[in-house]
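Worksheet: the structure to be examined is printed underneath.
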Number of protein chains: 2
Amino acid sequence: MGKKNLSLKDIAEKAQVSTALVSYVLNGREKETRVGQEIAEKIRQIAKELNYQPNYLAKSLRSGKTFTIGLIIADISNPFFANIARIVEDEAKKSGYTVIIGSSDENAGKSRDLIDVFINRQVDGFIIVSSEDTEDQVQNLLDKNIPFVLLDRHFPALPTDFVSLNNYKAAYEAGNHLIEGGYTNVGFIGYKSRLFHMKERIRGYQEALHKHRITAPPAWLLEVEFNTLEEIRTGIDKMLDARHRVNALIFATYRLAISGLKYINELGLRVPDDLAIVSFGQAEAFDLYYCPITYIHQPMDDLGKTAVEILVRKLQKPELIRTQVLMEARIVARDSSRSRITDVRS
Amino acid sequence: MGKKNLSLKDIAEKAQVSTALVSYVLNGREKETRVGQEIAEKIRQIAKELNYQPNYLAKSLRSGKTFTIGLIIADISNPFFANIARIVEDEAKKSGYTVIIGSSDENAGKSRDLIDVFINRQVDGFIIVSSEDTEDQVQNLLDKNIPFVLLDRHFPALPTDFVSLNNYKAAYEAGNHLIEGGYTNVGFIGYKSRLFHMKERIRGYQEALHKHRITAPPAWLLEVEFNTLEEIRTGIDKMLDARHRVNALIFATYRLAISGLKYINELGLRVPDDLAIVSFGQAEAFDLYYCPITYIHQPMDDLGKTAVEILVRKLQKPELIRTQVLMEARIVARDSSRSRITDVRS
DNA sequence: ATTTGTTATTTAATCGATTAAGCTTACTTT
DNA sequence: AAAGTAAGCTTAATCGATTAAATAACAAAT
């Protein structure tokens, strides 16, 4: 890097004082440490002239604080998470923190590695979007008393700080929205996952059906292992062949929706006449679709900012009590779920 | 963080030797520094038992190397860049480097700040997707002899390492593809930018027209200031009202394409019969569109990996000569630009 | 018995910033 | 004049790892 790295010592020499004075002045502690007026001014002057930048490494080594946050997200190739990453980064910068980002790619092993690497890099704390089967890792952080906040996904059994969505309610409202719009046969496509947020989405969907006394045949609920066109195809085929054919579909993620819609296009089905659609998450593709897709808007901004706030507060006062936030998602209703009932009325 | 941070000293005490020996052994320098066999084994044993992790800060402070790469991208909310970020991160990890990411949001000021922050954080080098008006910043890095590689965008006048696309050729081929498919009136929508890659795309488009002796009225080329629906609207309106109405459009970025397609939908124009489309970049939305969009595939993987390779090589051997790579993009032809001529033939 | 040589290990400086403790002056107070 | 105290500064230890230089212990050579 730059040739001669300017240090406190250089300033001290130029000002003919010890490094201690320089340190005091540049850290604004001149009053309490009784540094002389003129000397202080001189030091500040020289520091400005030479454009002195303190060495973070030395500072951190001494203080034990790196002002770095480790952000572990489940999949950075997913725009939802990429956006969250950006928000976290921006927000952290406001408080003087740098963020290092790692993507666990929904893989517990990678997640573990990342946590190790980041601890080794002396991050002050973590923000984590957990992958499946990482409950033990989170427990471990708790045990070691390492500050962290879970983001978007959390483990209800663990006493952690977190910021998530009220997924149950969001899914419930999605179901409700469709049913009250006259679509009584609502299917759901999600992941087969042990993660709480996914289970909650499914539970919310089921509760909506239950509330309206609709009995769903098993085929209406599809839990795919992976987001492959094959799994989606056979799943949707079953829904359409079922004793009661579905006339609406809820997708648990926008990527599932995109796969699903591709197949629906292939089948030549029209949205929403043949099949109404609601999806979690927002995507550019939803706007461009011939029939704009109704989606459940997730407040990424709030999620990201709040996570940073909680973590930063915690880093400053580690003794603080746990903060657990469940945010509300809102449905953005568009053509893909337009009511059949108002059609009749009008 | 963890209570008592285990250090070399602890191991030294437990093994009843000085820290020097421990350092030698754990850095695999026991042969050259002639450490006794049994002692060496003992040290390794104890280190493993205590799960010793060296302190990066101390190491870095001493060595002046942080094994950290600063990645500055133009806009992390753009999936293209987000994906590149991920690739860079993965690739860097393979060589033992951690990546810290910053988004300049296409803003020269933010870019400058980020570079400062990262230098301050003692990154070993940079990978940069430059924003407009940052040529001076890049020149500055050159002057200070700070290792860096430009990615996806570069400044032809500066003697830097870079990995970019042959944008001229890609645009030329896009134009060619359309014209040879029977669409003689090809419009182009790009940004009004001083950045080389954008200029090259425009030049390639114009060259394709020129080669086929097509004279384009000014309205065919739209250079928007920002990607707003208003600008796109008036621009496309003009193209359609022009003396020679366009029957095909090239978009310089996928986001411009999405805005454009929205308006084309509004107008009720059908793709490709009323208007053929080719766009730079790949997007999920292109697959989902009723008529899959022809796009210019950018080899993100290669771009990202190569940038890391070049930088890492440079960090290891700073005296190395400049590496400048221009990669080829390939057209993925789909329905949105299907040939009119083959239609006739069949 | 002294020198030379080898091998094995320790000492101490270093990277850069922080900070408790110590040391001079100069000025009050009795 | 002696003692106290405040102001203004310096010294030196510290964070943890690295490494040149010094040292010790012992064998071989003179």
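Chain labels A, B, ... are given in the sequence in which chains occur in the structure tokens; within each chain residues are numbered consecutively from 1, and ligands are likewise numbered from 1 in the order shown.
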Near chain A, which residues of chain D fall within 10 Å when you count only C-alpha atoms (C1' of nucleotides), and what do they look like as a list in words?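 Applying the cut-off to the listed atoms yields DA7, DG8, DC9, DT10, DT11, DT14, DC15 and DG16 of chain D.
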Can you list, as a ChimeraX atom specification, every protein, DNA or RNA residue that comes within 9 Å of stretch 209-216 of chain B when you count only C-alpha atoms (C1' of nucleotides), leaving out same-chain residues fewer than 5 positions away? /B:172,175-176,179,184-187,204,221,244
Which residue out of C:DA8, C:DA21, C:DA13, C:DA26 has the minimum interatomic distance to D:DA12 when only C-alpha atoms (C1' of nucleotides) are used?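 Answer, going by the shortest atom-to-atom distance: C:DA21.
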Between atom CA of A:Ala208 and atom CA of A:Arg340, what is the distance in Å, rounded to a tenth?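 Separation between atom CA of A:Ala208 and atom CA of A:Arg340: 18.2 Å.
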Can you list, as a PyMOL selection string, every protein, DNA or RNA residue that comes within 10 Å of stretch 310-322 of chain A when you count only C-alpha atoms (C1' of nucleotides), leaving out same-chain residues fewer than 2 positions away? chain A and resi 65+67+69+92+95-97+124-127+145-150+159-163+305-308+324-325
File dump, residues just selected, C-alpha atoms, as an mmCIF file, in the first residue's frame:
```
data_model
loop_
_atom_site.group_PDB
_atom_site.id
_atom_site.type_symbol
_atom_site.label_atom_id
_atom_site.label_comp_id
_atom_site.auth_asym_id
_atom_site.auth_seq_id
_atom_site.Cartn_x
_atom_site.Cartn_y
_atom_site.Cartn_z
ATOM 1 C CA LYS A 65 -13.223 -3.684 19.114
ATOM 2 C CA PHE A 67 -16.220 -1.863 14.468
ATOM 3 C CA ILE A 69 -20.251 -6.532 11.790
ATOM 4 C CA ALA A 92 -24.168 0.132 9.810
ATOM 5 C CA SER A 95 -22.932 4.110 13.158
ATOM 6 C CA GLY A 96 -19.352 3.750 12.035
ATOM 7 C CA TYR A 97 -19.436 0.036 11.423
ATOM 8 C CA ASP A 124 -17.832 -7.229 17.079
ATOM 9 C CA GLY A 125 -21.106 -8.985 16.393
ATOM 10 C CA PHE A 126 -23.270 -10.837 13.892
ATOM 11 C CA ILE A 127 -26.437 -10.347 11.934
ATOM 12 C CA ASN A 145 -21.905 -14.669 24.739
ATOM 13 C CA ILE A 146 -21.178 -13.284 21.288
ATOM 14 C CA PRO A 147 -23.570 -10.471 20.350
ATOM 15 C CA PHE A 148 -25.837 -11.229 17.398
ATOM 16 C CA VAL A 149 -29.262 -10.580 15.944
ATOM 17 C CA LEU A 150 -31.222 -13.009 13.819
ATOM 18 C CA PRO A 159 -33.812 -16.830 23.634
ATOM 19 C CA THR A 160 -32.205 -14.624 20.989
ATOM 20 C CA ASP A 161 -32.683 -11.138 19.680
ATOM 21 C CA PHE A 162 -34.390 -11.211 16.310
ATOM 22 C CA VAL A 163 -36.263 -9.243 13.688
ATOM 23 C CA LYS A 305 -32.378 -1.167 9.745
ATOM 24 C CA THR A 306 -33.933 -2.584 12.865
ATOM 25 C CA ALA A 307 -31.507 -5.464 12.949
ATOM 26 C CA VAL A 308 -28.583 -3.061 12.812
ATOM 27 C CA GLN A 324 -37.615 -9.508 19.601
ATOM 28 C CA VAL A 325 -39.498 -7.881 16.768
#
```
Can you pull out every residue within 12 Å of D:DA2, counting only C-alpha atoms (C1' of nucleotides), but drop anything in the same chain fewer than 2 positions away, and send it as a PyMOL selection string? (chain C and resi 29-30) or (chain D and resi 4)
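Between atom CA of B:Ala333 and atom CA of B:Ser279 lies a distance of 10.4 Å.
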Report as JSON lines: every residue of chain B with an atom at most 6 Å from chain A, its closest pair of atoms, and their distance in Å to one decimal, counting only C-alpha atoms, with rows sorted by chain and ascending residue number.
```
{"residue": "B:Met1", "atom": "CA", "partner": "A:Ile146", "partner_atom": "CA", "distance": 4.9}
{"residue": "B:Gly2", "atom": "CA", "partner": "A:Lys144", "partner_atom": "CA", "distance": 5.8}
{"residue": "B:Leu57", "atom": "CA", "partner": "A:Leu57", "partner_atom": "CA", "distance": 5.7}
{"residue": "B:Leu61", "atom": "CA", "partner": "A:Leu57", "partner_atom": "CA", "distance": 5.9}
{"residue": "B:Ser77", "atom": "CA", "partner": "A:Asn83", "partner_atom": "CA", "distance": 5.4}
{"residue": "B:Asn83", "atom": "CA", "partner": "A:Ser77", "partner_atom": "CA", "distance": 5.4}
{"residue": "B:Ile100", "atom": "CA", "partner": "A:Ile100", "partner_atom": "CA", "distance": 5.0}
{"residue": "B:Lys144", "atom": "CA", "partner": "A:Gly2", "partner_atom": "CA", "distance": 5.8}
{"residue": "B:Ile146", "atom": "CA", "partner": "A:Met1", "partner_atom": "CA", "distance": 5.1}
{"residue": "B:Ala285", "atom": "CA", "partner": "A:Ala285", "partner_atom": "CA", "distance": 4.0}
{"residue": "B:Tyr289", "atom": "CA", "partner": "A:Tyr289", "partner_atom": "CA", "distance": 5.8}
```
Keeping only N, CA and C atoms, take the residues you just selected and write them out as a CSV table (one decimal), in the first residue's frame.
```csv
chain,number,residue,atom,x,y,z
B,1,MET,N,-16.9,-10.5,23.2
B,1,MET,CA,-16.7,-11.7,22.6
B,1,MET,C,-16.3,-12.8,23.6
B,2,GLY,N,-15.6,-13.8,23.2
B,2,GLY,CA,-15.1,-14.8,24.1
B,2,GLY,C,-14.3,-14.2,25.3
B,57,LEU,N,-5.6,-9.5,13.8
B,57,LEU,CA,-5.3,-8.1,14.0
B,57,LEU,C,-3.8,-8.0,14.3
B,61,LEU,N,-1.2,-6.3,11.8
B,61,LEU,CA,-0.5,-5.1,12.3
B,61,LEU,C,1.0,-5.3,12.0
B,77,SER,N,-28.0,-3.2,-5.4
B,77,SER,CA,-29.4,-3.6,-5.5
B,77,SER,C,-29.6,-4.1,-6.9
B,83,ASN,N,-24.7,-10.6,-7.9
B,83,ASN,CA,-24.1,-11.9,-8.3
B,83,ASN,C,-22.6,-11.8,-8.4
B,100,ILE,N,-14.6,-7.2,1.7
B,100,ILE,CA,-15.6,-6.2,2.2
B,100,ILE,C,-16.2,-5.5,1.1
B,144,LYS,N,-0.7,6.1,-6.0
B,144,LYS,CA,-0.3,5.7,-4.7
B,144,LYS,C,0.2,4.2,-4.7
B,146,ILE,N,-1.4,1.5,-5.2
B,146,ILE,CA,-2.3,0.6,-4.5
B,146,ILE,C,-2.9,-0.4,-5.5
B,285,ALA,N,-37.1,-11.9,-15.1
B,285,ALA,CA,-38.3,-11.3,-15.8
B,285,ALA,C,-38.3,-11.7,-17.2
B,289,TYR,N,-41.7,-13.4,-19.2
B,289,TYR,CA,-42.5,-12.6,-20.1
B,289,TYR,C,-43.2,-13.5,-21.1
```
Which neighbours of D:DA28 fall inside 12 Å, counting only C-alpha atoms (C1' of nucleotides), when residues of the same chain fewer than 3 positions from it are skipped, and could you give them as a JSON list (two decimals) with C-alpha atoms (C1' of nucleotides), in the first residue's frame?
```json
[["chain", "number", "residue", "atom", "x", "y", "z"],
["C", 3, "DT", "C1'", 38.71, -22.67, 20.07],
["C", 4, "DT", "C1'", 35.30, -23.60, 16.61],
["C", 5, "DG", "C1'", 30.89, -25.25, 15.19],
["C", 6, "DT", "C1'", 26.14, -26.95, 15.67]]
```
Based on only C-alpha atoms (C1' of nucleotides), which of the residues in chain C come within 9 Å of chain A? I want them as an mmCIF file with C-alpha atoms (C1' of nucleotides), in the first residue's frame.
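Written file, out08.cif:
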```
data_model
loop_
_atom_site.group_PDB
_atom_site.id
_atom_site.type_symbol
_atom_site.label_atom_id
_atom_site.label_comp_id
_atom_site.auth_asym_id
_atom_site.auth_seq_id
_atom_site.Cartn_x
_atom_site.Cartn_y
_atom_site.Cartn_z
ATOM 1 C "C1'" DC C 15 3.952 -2.988 14.197
ATOM 2 C "C1'" DG C 16 0.637 1.693 16.020
ATOM 3 C "C1'" DA C 17 -2.359 3.370 19.407
ATOM 4 C "C1'" DT C 18 -3.858 3.746 24.225
ATOM 5 C "C1'" DT C 19 -3.442 4.955 29.025
#
```
Backbone-only DSSP, strand (DSSP E or B) members of stretch 5-187 of chain A, as an MDAnalysis selection string: chainID A and resid 68:73 98:103 125:128 148:152 162:165 186:187
Surrounding residues of B:Asn166 excluding itself and chain neighbours under 4 positions, 10 Å, only C-alpha atoms (C1' of nucleotides), as an MDAnalysis selection string: chainID B and resid 152 170:171 197 200:201 204 298 325:329
Save the residues we just selected, N, CA and C atoms, as a PDB file, in the first residue's frame?
```pdb
ATOM      1  N   ASP B 152     -15.699  -4.986 -15.083  1.00  0.00           N
ATOM      2  CA  ASP B 152     -16.883  -4.709 -15.890  1.00  0.00           C
ATOM      3  C   ASP B 152     -16.848  -3.339 -16.583  1.00  0.00           C
ATOM      4  N   ALA B 170     -20.457  -6.840 -28.652  1.00  0.00           N
ATOM      5  CA  ALA B 170     -21.738  -7.387 -28.210  1.00  0.00           C
ATOM      6  C   ALA B 170     -22.885  -6.575 -28.794  1.00  0.00           C
ATOM      7  N   ALA B 171     -22.759  -5.266 -28.747  1.00  0.00           N
ATOM      8  CA  ALA B 171     -23.817  -4.407 -29.268  1.00  0.00           C
ATOM      9  C   ALA B 171     -23.904  -4.532 -30.784  1.00  0.00           C
ATOM     10  N   HIS B 197     -18.004   1.855 -21.252  1.00  0.00           N
ATOM     11  CA  HIS B 197     -18.768   0.679 -21.672  1.00  0.00           C
ATOM     12  C   HIS B 197     -20.069   1.081 -22.347  1.00  0.00           C
ATOM     13  N   GLU B 200     -19.339   2.404 -25.802  1.00  0.00           N
ATOM     14  CA  GLU B 200     -19.013   1.298 -26.692  1.00  0.00           C
ATOM     15  C   GLU B 200     -20.266   0.567 -27.172  1.00  0.00           C
ATOM     16  N   ARG B 201     -21.216   0.449 -26.281  1.00  0.00           N
ATOM     17  CA  ARG B 201     -22.453  -0.224 -26.686  1.00  0.00           C
ATOM     18  C   ARG B 201     -23.146   0.577 -27.778  1.00  0.00           C
ATOM     19  N   GLY B 204     -21.240   0.248 -31.032  1.00  0.00           N
ATOM     20  CA  GLY B 204     -21.460  -1.048 -31.673  1.00  0.00           C
ATOM     21  C   GLY B 204     -22.794  -1.079 -32.404  1.00  0.00           C
ATOM     22  N   GLN B 298     -23.914 -11.952 -20.184  1.00  0.00           N
ATOM     23  CA  GLN B 298     -22.624 -11.480 -19.678  1.00  0.00           C
ATOM     24  C   GLN B 298     -22.032 -12.548 -18.769  1.00  0.00           C
ATOM     25  N   VAL B 325      -8.181  -7.725 -19.735  1.00  0.00           N
ATOM     26  CA  VAL B 325      -8.973  -8.783 -20.364  1.00  0.00           C
ATOM     27  C   VAL B 325     -10.290  -8.214 -20.883  1.00  0.00           C
ATOM     28  N   LEU B 326     -10.580  -8.496 -22.129  1.00  0.00           N
ATOM     29  CA  LEU B 326     -11.900  -8.155 -22.683  1.00  0.00           C
ATOM     30  C   LEU B 326     -12.607  -9.457 -23.009  1.00  0.00           C
ATOM     31  N   MET B 327     -13.700  -9.727 -22.324  1.00  0.00           N
ATOM     32  CA  MET B 327     -14.380 -10.990 -22.559  1.00  0.00           C
ATOM     33  C   MET B 327     -15.490 -10.823 -23.591  1.00  0.00           C
ATOM     34  N   GLU B 328     -15.822 -11.943 -24.204  1.00  0.00           N
ATOM     35  CA  GLU B 328     -16.874 -11.891 -25.212  1.00  0.00           C
ATOM     36  C   GLU B 328     -18.220 -12.224 -24.584  1.00  0.00           C
ATOM     37  N   ALA B 329     -19.221 -11.473 -24.977  1.00  0.00           N
ATOM     38  CA  ALA B 329     -20.575 -11.814 -24.557  1.00  0.00           C
ATOM     39  C   ALA B 329     -21.225 -12.596 -25.696  1.00  0.00           C
TER      40      ALA B 329
END
```
Excluding same-chain residues fewer than 3 positions from D:DA22, what lies within 12 Å of it counting only C-alpha atoms (C1' of nucleotides), as a ChimeraX atom specification? /C:9-12
Interatomic distance (Å, one decimal) between atom CA of A:Phe251 and atom CA of A:Leu269: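 These atoms are spaced 16.6 Å apart.
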Write down as a ChimeraX atom specification the residues belonging to stretch 139-293 of chain B that are assigned alpha helix (DSSP H) by DSSP computed on the backbone. /B:139-144,167-180,196-211,229-241,254-267,284-288
Just C-alpha atoms for this one: save the residues we selected as a compact mmCIF listing (two decimals), in the first residue's frame.
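That gives us selection29.txt:
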```txt
# COMPACT_ATOMS: atom_id res chain seq x y z
CA GLN B 139 -5.61 7.63 -11.23
CA ASN B 140 -5.04 8.32 -7.56
CA LEU B 141 -4.85 4.63 -6.77
CA LEU B 142 -2.33 4.24 -9.54
CA ASP B 143 -0.26 7.11 -8.16
CA LYS B 144 -0.29 5.66 -4.68
CA ASN B 167 -19.24 -4.16 -25.32
CA TYR B 168 -18.71 -2.82 -28.79
CA LYS B 169 -18.80 -6.24 -30.30
CA ALA B 170 -21.74 -7.39 -28.21
CA ALA B 171 -23.82 -4.41 -29.27
CA TYR B 172 -22.72 -4.78 -32.85
CA GLU B 173 -23.84 -8.37 -32.86
CA ALA B 174 -27.13 -7.51 -31.26
CA GLY B 175 -27.77 -5.01 -34.05
CA ASN B 176 -26.62 -7.42 -36.67
CA HIS B 177 -28.81 -10.16 -35.30
CA LEU B 178 -31.89 -7.98 -35.54
CA ILE B 179 -31.12 -6.56 -38.96
CA GLU B 180 -30.37 -9.94 -40.44
CA PHE B 196 -16.72 3.85 -21.75
CA HIS B 197 -18.77 0.68 -21.67
CA MET B 198 -21.92 2.62 -22.48
CA LYS B 199 -20.26 4.54 -25.26
CA GLU B 200 -19.01 1.30 -26.69
CA ARG B 201 -22.45 -0.22 -26.69
CA ILE B 202 -23.79 2.73 -28.58
CA ARG B 203 -20.90 2.64 -31.02
CA GLY B 204 -21.46 -1.05 -31.67
CA TYR B 205 -25.12 -0.46 -32.37
CA GLN B 206 -24.36 2.35 -34.76
CA GLU B 207 -21.73 0.36 -36.55
CA ALA B 208 -24.20 -2.45 -37.16
CA LEU B 209 -26.61 -0.03 -38.82
CA HIS B 210 -23.81 1.49 -40.80
CA LYS B 211 -22.59 -1.83 -42.05
CA LEU B 229 -40.81 5.81 -16.97
CA GLU B 230 -41.30 9.37 -18.21
CA GLU B 231 -38.04 9.53 -20.08
CA ILE B 232 -38.59 6.10 -21.53
CA ARG B 233 -42.11 6.97 -22.57
CA THR B 234 -41.31 10.13 -24.45
CA GLY B 235 -38.29 8.44 -25.97
CA ILE B 236 -40.21 5.45 -27.25
CA ASP B 237 -43.02 7.67 -28.45
CA LYS B 238 -40.56 9.55 -30.58
CA MET B 239 -39.15 6.35 -31.99
CA LEU B 240 -42.58 5.24 -33.01
CA ASP B 241 -43.49 8.60 -34.48
CA TYR B 254 -31.84 -5.17 -18.29
CA ARG B 255 -33.39 -2.53 -16.07
CA LEU B 256 -33.96 -0.23 -19.00
CA ALA B 257 -35.51 -3.20 -20.76
CA ILE B 258 -37.91 -3.80 -17.92
CA SER B 259 -39.02 -0.19 -17.90
CA GLY B 260 -39.33 -0.20 -21.65
CA LEU B 261 -41.31 -3.41 -21.75
CA LYS B 262 -43.72 -2.06 -19.19
CA TYR B 263 -44.47 0.86 -21.46
CA ILE B 264 -44.65 -1.35 -24.52
CA ASN B 265 -47.24 -3.41 -22.67
CA GLU B 266 -49.17 -0.27 -21.87
CA LEU B 267 -49.17 0.67 -25.51
CA GLU B 284 -35.67 -13.62 -14.37
CA ALA B 285 -38.30 -11.34 -15.76
CA PHE B 286 -37.16 -12.12 -19.28
CA ASP B 287 -38.06 -15.76 -18.86
CA LEU B 288 -41.46 -15.05 -17.48
```
